[in-house]
Amino acid sequence: MAEAQRAQNVIIITLPDGATRTYTSGTTGMEIAESISKSLAKAVIAIKIDGEMSDLSLPITKNAKISLVKREDGEALELIRHDCAHVLAEAVQTLFPGTQVTIGPNIENGFFYDFARNEPFSTDDFAAIEAEMKKIVERGAPFVREVWDRDVAIKYFKDKGENFKAELIQDLPASEDIKIYKQGEWLDLCRGPHMPSTKHVGTAFKLMKVAGAYWRGDSNKAMLTRIYGTAWRNEKELQDYLTQIEEAEKRDHRKLGKELDLFHIQEEAQGSVFWHPKGFVIYHQLENYIRRRIQDAGYKEIKTPQLIDNKLWEASGHWGKYRENMFVVPDVEPNTEEGGKVFKEEPKHFMALKPMNCPAHVQVFNQGIKSYRDLPLRLAEFGCCHRNEAHGALHGLMRVRQMTQDDAHIFCTEDQIMSESVAFCDLIKNVYADMGFKDVRVVLALRPTNKAGSDETWDKAEDGLRQALTKAGLDFTEEAGEGAFYGPKVEYHIRDAIGRSWQCGTLQLDFVLPERLDAAYTAEDGSRKRPVMLHRAVLGTLERFTGILLESYAGKLPLWLAPVQCVVATITSEADEYARSVMAELNAHGIRAELDVRNEKINYKVREHSLQKVPYLFVVGKREAEERMVAIRTLGSDGQRVINMDAAVEDLMTAAKAPY
C-alpha cells in the first residue's frame, strides 16, 4: 500500500532527447532545470509541457514531455513581447494615473496595448514611457500567478475604476479560472504564461506608433488609444528590425505606385484597384506567365460567375463560416413604380459575390458524367473574388476587397494525391525562383477547431500532405489549428530582399467539399466514388504579389516585368527621325519601348528615366544616326556602351525574354 502511494506521487518527465527522469508530483519547471544544471536554471525562462508553453513556477502533476525554453530561443520572442506589453501598461499607469488598461497581446514583430484615457496619447509621450519601462525592467519584479474568485476579481477592478477589465471577467466562461499576474505592486488579468521576472524582458524594445481602436472592435463602443511597440532578444535584432522598417518605408508599394504611375485607390472604391496603363502591364505579364506555366502542366482554364445564390454557399459550408466576409445582395425583382427601386416583399434568396472559387469549380466538375479515366482534372481560373475586409485592415495592394487569384482545383483519386501534390510543389518552387525568391519556408497548417468532417478524414488528409512534402524533398514545420475548415493546407512563405516574410502560395487537401457538393466519378469497378479535391494557388492574388514584387525590387523590376523596358532618347533634334525608327524596331520585336525627343538636355532625360526605373536607355545623337549605332545606358550604371543598332535590339530581346 505504501509503495502504491509513493508511486502515485512520482511523475516521469521525458526530455527532448528522449531521456526520462522521475520527480515528485508537484515539481516545477524551475526545479527540473535546477536539477539538470545551475547554468540551465539561470538561462531558462519558460517550459513547454506536452507542447504547451507554461510558467516555470507551475507544478507538474502528471507524466509529461517537456522542453525548457531559453531567452535566446526563437520561441522566447512571443514571451518577451507579451511581458513587454505588461511592462508598458504598468509604465503608462504609473505616469498617467487614471488611465484604464484593456487588452495587450503580442503580435507579429511586437505587441500593443489599448488604453482608455480622456486625452489620447501621442508619440511625444514615448520618451517618458520608454524610460519608465526601463526602470520597471531593471527593478526585476517576479511575475507571480494567482487564481482569484470571479466576484472578488470583478469587485477589485471596479473599485479601481477598471471597468473594461471587470467587463472582460464578467464575459469569461464560468468554467474558466480568473488568472491574475502580479509584477511587484502592479497586476493584470492575463492567461499567461510569463517569464520569471520583468528583468527577462531586457531593453531591446521601442514604442513605434499610436492609433485609435474601438473597444472590442465595435464602432458603437468606446474609442481607445492603442500604443504599438516592438521587442527583441537583443539590441542587434532590434536595430536590424528598425533598419528593415526604414527600408520598407522607402520601398512602400503605395509610394512607388504613385511615383511610377502604376495604380491608385480612392475612397469611392475602397479596397479595389484602379490600374493605370503601366501597372496593368505588370499585372498582365504576371497573369500570362502563370498561364503559360499551368497550360504546360496540363491545367484547363475556365471562367465562373461572380454572383452566386446563397444556396450553393450554404451547401458548401461557407455561408455558415464566412458569411460576414461576403458582399450579399437580395435576389428579388425591383419595383420601379414612382421612380424608386424598392423591394416588393422580403427577399427569400440572396446572391453573394464569390469570396473564393472552389464551390463554382465543383459545379463545372459536376457537369456530365466523369470517369476515373478523366482524372486528374485540373481546372484553373484567374478568378475575380470579393471579400468584405474591414476598412481599417485595407492596405494598398496587400489587403484589398476585390482581388484576382491564380486559383486552380485538381480533382483526383486518392492514389493520385501524392503525384499531384509533388508536381505542384515542383511548380511553385520553379515559379518563385523565376520571380527571384530563393528563400521559401513551408508550413503544414493542421485542423482548426471549427473543422468540418471527421477526425479520421482529417488524419488521412494531414498524413497525405505530410507524405507529399517529404516526397518532394521539402523541409517543413507544422502549425496546429491553422488549416482551412474543410482541410489541411500547405503554406509557402517567401522572403523578400530586405528579409520580410510573405505568405503566398497554398495547397489544400480536401475530402469534405466534394462530399458536401455531391461531386462523384465512376471508378474502374463501376462504383460511384468521391474525388479528392486539391485547392492550390501559386502567387495567391495578382494584386498582392505585384505589391510584394514592387517592394522587394524597390520598383526596379526584372526586365521582363518592367512596364517600359527601354526609352530611346535623343541628344539633338537632328536624331529625332532615327530615334523613331529605333523605337519602331524595338516595338516590332516585342520590346515595350517609348520615345523621348523633348528639347531637354540628355542628363535631364537620363535622370528622369532613372527615377522612373526604366531598365534600358538608348541614347542617340547625330553621330549615332549617321552610323546606325546606339549608346546603351542601363539602370544603376554610370557608364555606357556604343554598339550597332541591330545588335542592340537583338541583345535587348534576349535579355527581356520572360523566364518561361
# chains A, B, ... in the order shown; residues from 1 in each chain; ligands from 1
$ residues_around --residues "segment 44-55 of chain A" --least-positions-apart "2" --cutoff "6 Å" --atoms "only C-alpha atoms" --output "list of chain:residue names"
A:Leu40, A:Ala41, A:Lys42, A:Ser57, A:Leu58, A:Ala64, A:Lys65, A:Ile66, A:Ser67, A:Leu68, A:Val69, A:Lys70, A:Pro193, A:His194, A:Met195
$ residues_around --residues "Ala480 of chain A" --least-positions-apart "4" --cutoff "12 Å" --atoms "only C-alpha atoms" --output "count of residues only"
13
$ closest_atom_pairs --of "segment 391-453 of chain A" --to "segment 309-319 of chain A" --cutoff "12 Å" --atoms "only C-alpha atoms" --output "tab-separated table"
residue	atom	partner	partner_atom	distance
A:Asn450	CA	A:Gly317	CA	11.2
A:Lys451	CA	A:Gly317	CA	10.5
A:Ala452	CA	A:Gly317	CA	8.4
A:Gly453	CA	A:Gly317	CA	11.1
$ closest_residue --among "A:Met133, A:Cys190, A:Leu262, A:Ala658" --to "Gly229 of chain A" --atoms "only C-alpha atoms"
A:Met133
$ residues_around --residues "segment 601-608 of chain A" --least-positions-apart "5" --cutoff "8 Å" --atoms "only C-alpha atoms" --output "PDB file with N, CA and C atoms, in the first residue's frame"
ATOM      1  N   ALA A 569      16.145  57.979 -76.311  1.00  0.00           N
ATOM      2  CA  ALA A 569      16.237  59.414 -76.022  1.00  0.00           C
ATOM      3  C   ALA A 569      17.250  60.084 -76.937  1.00  0.00           C
ATOM      4  N   THR A 570      16.910  61.264 -77.406  1.00  0.00           N
ATOM      5  CA  THR A 570      17.786  61.983 -78.339  1.00  0.00           C
ATOM      6  C   THR A 570      18.639  63.023 -77.618  1.00  0.00           C
ATOM      7  N   ILE A 571      19.839  63.223 -78.156  1.00  0.00           N
ATOM      8  CA  ILE A 571      20.727  64.285 -77.682  1.00  0.00           C
ATOM      9  C   ILE A 571      20.415  65.584 -78.406  1.00  0.00           C
ATOM     10  N   ASP A 596      11.691  59.610 -76.385  1.00  0.00           N
ATOM     11  CA  ASP A 596      11.858  60.899 -75.710  1.00  0.00           C
ATOM     12  C   ASP A 596      12.655  61.827 -76.615  1.00  0.00           C
ATOM     13  N   LEU A 617      18.210  52.563 -71.502  1.00  0.00           N
ATOM     14  CA  LEU A 617      18.103  53.842 -72.198  1.00  0.00           C
ATOM     15  C   LEU A 617      18.996  53.767 -73.429  1.00  0.00           C
TER      16      LEU A 617
END
$ residues_around --residues "segment 361-364 of chain A" --least-positions-apart "6" --cutoff "8 Å" --atoms "only C-alpha atoms" --output "list in words"
Thr304, Leu379, His409, Pro514, Leu517 and Ala519 of chain A
$ atom_distance --atom1 "atom CA of Ala91 of chain A" --atom2 "atom CA of Glu249 of chain A"
29.2 Å
$ select_by_dssp --residues "segment 342-504 of chain A" --states "strand (DSSP E or B)" --output "JSON, numbers by chain"
{"A": [342, 343, 350, 351, 352, 353, 371, 377, 378, 379, 380, 381, 382, 383, 384, 385, 386, 395, 399, 402, 403, 404, 405, 406, 407, 408, 409, 410, 411, 412, 440, 441, 442, 443, 444, 445, 477, 478, 479, 484, 487, 489, 490, 491, 492, 493, 494, 495, 501, 502, 503, 504]}
$ atom_distance --atom1 "atom CA of Ala19 of chain A" --atom2 "atom CA of Ile60 of chain A"
17.5 Å
$ residues_around --residues "Phe411 of chain A" --least-positions-apart "5" --cutoff "10 Å" --atoms "only C-alpha atoms" --output "mmCIF file with C-alpha atoms, in the first residue's frame"
data_model
loop_
_atom_site.group_PDB
_atom_site.id
_atom_site.type_symbol
_atom_site.label_atom_id
_atom_site.label_comp_id
_atom_site.auth_asym_id
_atom_site.auth_seq_id
_atom_site.Cartn_x
_atom_site.Cartn_y
_atom_site.Cartn_z
ATOM 1 C CA HIS A 361 -15.283 24.808 -59.795
ATOM 2 C CA VAL A 362 -17.112 21.817 -58.324
ATOM 3 C CA PHE A 365 -16.749 19.213 -62.496
ATOM 4 C CA ASP A 374 -10.865 11.731 -66.696
ATOM 5 C CA LEU A 375 -8.810 12.157 -63.529
ATOM 6 C CA PRO A 376 -6.819 14.041 -62.583
ATOM 7 C CA LEU A 377 -8.817 17.003 -63.880
ATOM 8 C CA ARG A 378 -7.024 20.306 -63.274
ATOM 9 C CA LEU A 379 -9.319 23.352 -63.535
ATOM 10 C CA GLN A 416 -3.126 10.420 -57.321
ATOM 11 C CA ILE A 417 -2.742 12.691 -54.256
ATOM 12 C CA GLU A 420 -0.312 15.736 -57.999
ATOM 13 C CA ASP A 510 -9.985 18.445 -49.194
ATOM 14 C CA PRO A 514 -16.726 17.005 -52.802
ATOM 15 C CA ALA A 519 -19.069 15.516 -56.675
ATOM 16 C CA ALA A 520 -18.523 11.985 -57.969
ATOM 17 C CA TYR A 521 -16.821 9.919 -60.638
ATOM 18 C CA ARG A 530 -15.905 10.920 -54.428
ATOM 19 C CA PRO A 531 -12.911 12.649 -55.945
ATOM 20 C CA VAL A 532 -10.287 14.235 -53.752
ATOM 21 C CA MET A 533 -10.031 17.993 -54.255
ATOM 22 C CA LEU A 534 -6.695 19.815 -54.153
ATOM 23 C CA HIS A 535 -7.098 23.583 -53.817
#
$ closest_residue --among "A:Ile294, A:Val332, A:Ala174, A:Ile107" --to "Ala231 of chain A" --atoms "only C-alpha atoms"
A:Ile107
$ select_by_dssp --residues "segment 418-492 of chain A" --states "helix (DSSP H, G or I)" --output "PyMOL selection string"
chain A and resi 418-434+455-471
$ write_last_selection --atoms "C-alpha atoms" --output "mmCIF file, in the first residue's frame"
data_model
loop_
_atom_site.group_PDB
_atom_site.id
_atom_site.type_symbol
_atom_site.label_atom_id
_atom_site.label_comp_id
_atom_site.auth_asym_id
_atom_site.auth_seq_id
_atom_site.Cartn_x
_atom_site.Cartn_y
_atom_site.Cartn_z
ATOM 1 C CA MET A 418 0.983 12.051 -53.987
ATOM 2 C CA SER A 419 1.899 12.646 -57.633
ATOM 3 C CA GLU A 420 -0.312 15.736 -57.999
ATOM 4 C CA SER A 421 0.937 17.288 -54.766
ATOM 5 C CA VAL A 422 4.585 16.666 -55.634
ATOM 6 C CA ALA A 423 4.056 18.124 -59.114
ATOM 7 C CA PHE A 424 2.582 21.263 -57.561
ATOM 8 C CA CYS A 425 5.498 21.553 -55.125
ATOM 9 C CA ASP A 426 7.880 21.455 -58.095
ATOM 10 C CA LEU A 427 5.799 24.026 -59.996
ATOM 11 C CA ILE A 428 5.691 26.527 -57.154
ATOM 12 C CA LYS A 429 9.427 26.151 -56.450
ATOM 13 C CA ASN A 430 10.245 26.968 -60.071
ATOM 14 C CA VAL A 431 7.854 29.933 -60.197
ATOM 15 C CA TYR A 432 9.304 31.531 -57.082
ATOM 16 C CA ALA A 433 12.825 31.024 -58.416
ATOM 17 C CA ASP A 434 11.817 32.779 -61.655
ATOM 18 C CA ASP A 455 -11.105 13.189 -37.286
ATOM 19 C CA GLU A 456 -10.485 10.075 -39.386
ATOM 20 C CA THR A 457 -10.867 12.145 -42.563
ATOM 21 C CA TRP A 458 -8.543 14.812 -41.221
ATOM 22 C CA ASP A 459 -5.965 12.217 -40.181
ATOM 23 C CA LYS A 460 -5.933 10.920 -43.747
ATOM 24 C CA ALA A 461 -5.722 14.401 -45.272
ATOM 25 C CA GLU A 462 -2.928 15.624 -42.994
ATOM 26 C CA ASP A 463 -0.915 12.452 -43.492
ATOM 27 C CA GLY A 464 -1.369 12.729 -47.260
ATOM 28 C CA LEU A 465 0.191 16.199 -47.330
ATOM 29 C CA ARG A 466 2.989 15.154 -44.941
ATOM 30 C CA GLN A 467 3.960 12.301 -47.254
ATOM 31 C CA ALA A 468 3.796 14.537 -50.334
ATOM 32 C CA LEU A 469 6.035 17.215 -48.803
ATOM 33 C CA THR A 470 8.527 14.565 -47.743
ATOM 34 C CA LYS A 471 8.454 13.016 -51.210
#
$ closest_residue --among "A:Gln244, A:Thr198, A:Ser122, A:Thr203" --to "Thr225 of chain A" --atoms "only C-alpha atoms"
A:Ser122
$ atom_distance --atom1 "atom CA of Asp240 of chain A" --atom2 "atom CA of Lys199 of chain A"
22.4 Å
$ residues_around --residues "segment 622-637 of chain A" --least-positions-apart "2" --cutoff "8 Å" --atoms "only C-alpha atoms" --output "PyMOL selection string"
chain A and resi 571-572+574-575+578-579+610+613-620+639-645+648
$ write_last_selection --atoms "N, CA and C atoms" --output "compact mmCIF listing (two decimals), in the first residue's frame"
# COMPACT_ATOMS: atom_id res chain seq x y z
N ILE A 571 19.84 63.22 -78.16
CA ILE A 571 20.73 64.28 -77.68
C ILE A 571 20.41 65.58 -78.41
N THR A 572 20.07 65.47 -79.67
CA THR A 572 19.79 66.62 -80.52
C THR A 572 18.60 66.29 -81.42
N GLU A 574 18.39 66.62 -84.42
CA GLU A 574 18.83 66.04 -85.71
C GLU A 574 18.70 64.52 -85.72
N ALA A 575 18.57 63.92 -84.51
CA ALA A 575 18.46 62.46 -84.44
C ALA A 575 17.03 62.00 -84.22
N TYR A 578 15.74 59.22 -86.66
CA TYR A 578 16.45 57.96 -86.39
C TYR A 578 15.93 57.33 -85.10
N ALA A 579 15.71 58.16 -84.07
CA ALA A 579 15.18 57.66 -82.80
C ALA A 579 13.83 56.99 -83.00
N SER A 610 15.71 57.38 -65.07
CA SER A 610 16.26 56.57 -63.97
C SER A 610 15.30 56.58 -62.79
N LYS A 613 12.64 54.21 -63.09
CA LYS A 613 13.12 52.81 -63.03
C LYS A 613 13.11 52.13 -64.40
N VAL A 614 13.35 52.89 -65.46
CA VAL A 614 13.41 52.30 -66.80
C VAL A 614 14.73 51.54 -66.92
N PRO A 615 14.70 50.24 -67.23
CA PRO A 615 15.93 49.44 -67.21
C PRO A 615 16.97 49.84 -68.26
N TYR A 616 16.52 50.18 -69.48
CA TYR A 616 17.45 50.49 -70.56
C TYR A 616 17.14 51.86 -71.16
N LEU A 617 18.21 52.56 -71.50
CA LEU A 617 18.10 53.84 -72.20
C LEU A 617 19.00 53.77 -73.43
N PHE A 618 18.39 53.93 -74.60
CA PHE A 618 19.15 54.01 -75.85
C PHE A 618 19.29 55.49 -76.18
N VAL A 619 20.50 56.00 -76.10
CA VAL A 619 20.77 57.41 -76.37
C VAL A 619 21.32 57.54 -77.79
N VAL A 620 20.71 58.46 -78.56
CA VAL A 620 21.16 58.65 -79.94
C VAL A 620 21.32 60.14 -80.24
N GLY A 639 28.18 54.20 -66.64
CA GLY A 639 28.80 54.16 -67.97
C GLY A 639 27.82 53.86 -69.08
N GLN A 640 28.34 53.80 -70.29
CA GLN A 640 27.53 53.44 -71.45
C GLN A 640 28.41 52.71 -72.45
N ARG A 641 27.76 51.96 -73.33
CA ARG A 641 28.49 51.30 -74.42
C ARG A 641 27.78 51.60 -75.73
N VAL A 642 28.55 51.81 -76.76
CA VAL A 642 28.02 52.17 -78.07
C VAL A 642 28.16 50.97 -79.00
N ILE A 643 27.01 50.47 -79.51
CA ILE A 643 27.06 49.32 -80.41
C ILE A 643 26.08 49.53 -81.56
N ASN A 644 26.18 48.65 -82.53
CA ASN A 644 25.30 48.67 -83.69
C ASN A 644 23.85 48.51 -83.26
N MET A 645 22.94 49.25 -83.91
CA MET A 645 21.54 49.24 -83.51
C MET A 645 20.93 47.84 -83.61
N ALA A 648 22.07 45.82 -80.76
CA ALA A 648 21.47 46.29 -79.52
C ALA A 648 20.05 45.76 -79.37
$ closest_residue --among "A:Asn234, A:Ser552, A:Thr20, A:Asn163" --to "Arg251 of chain A" --atoms "only C-alpha atoms"
A:Ser552
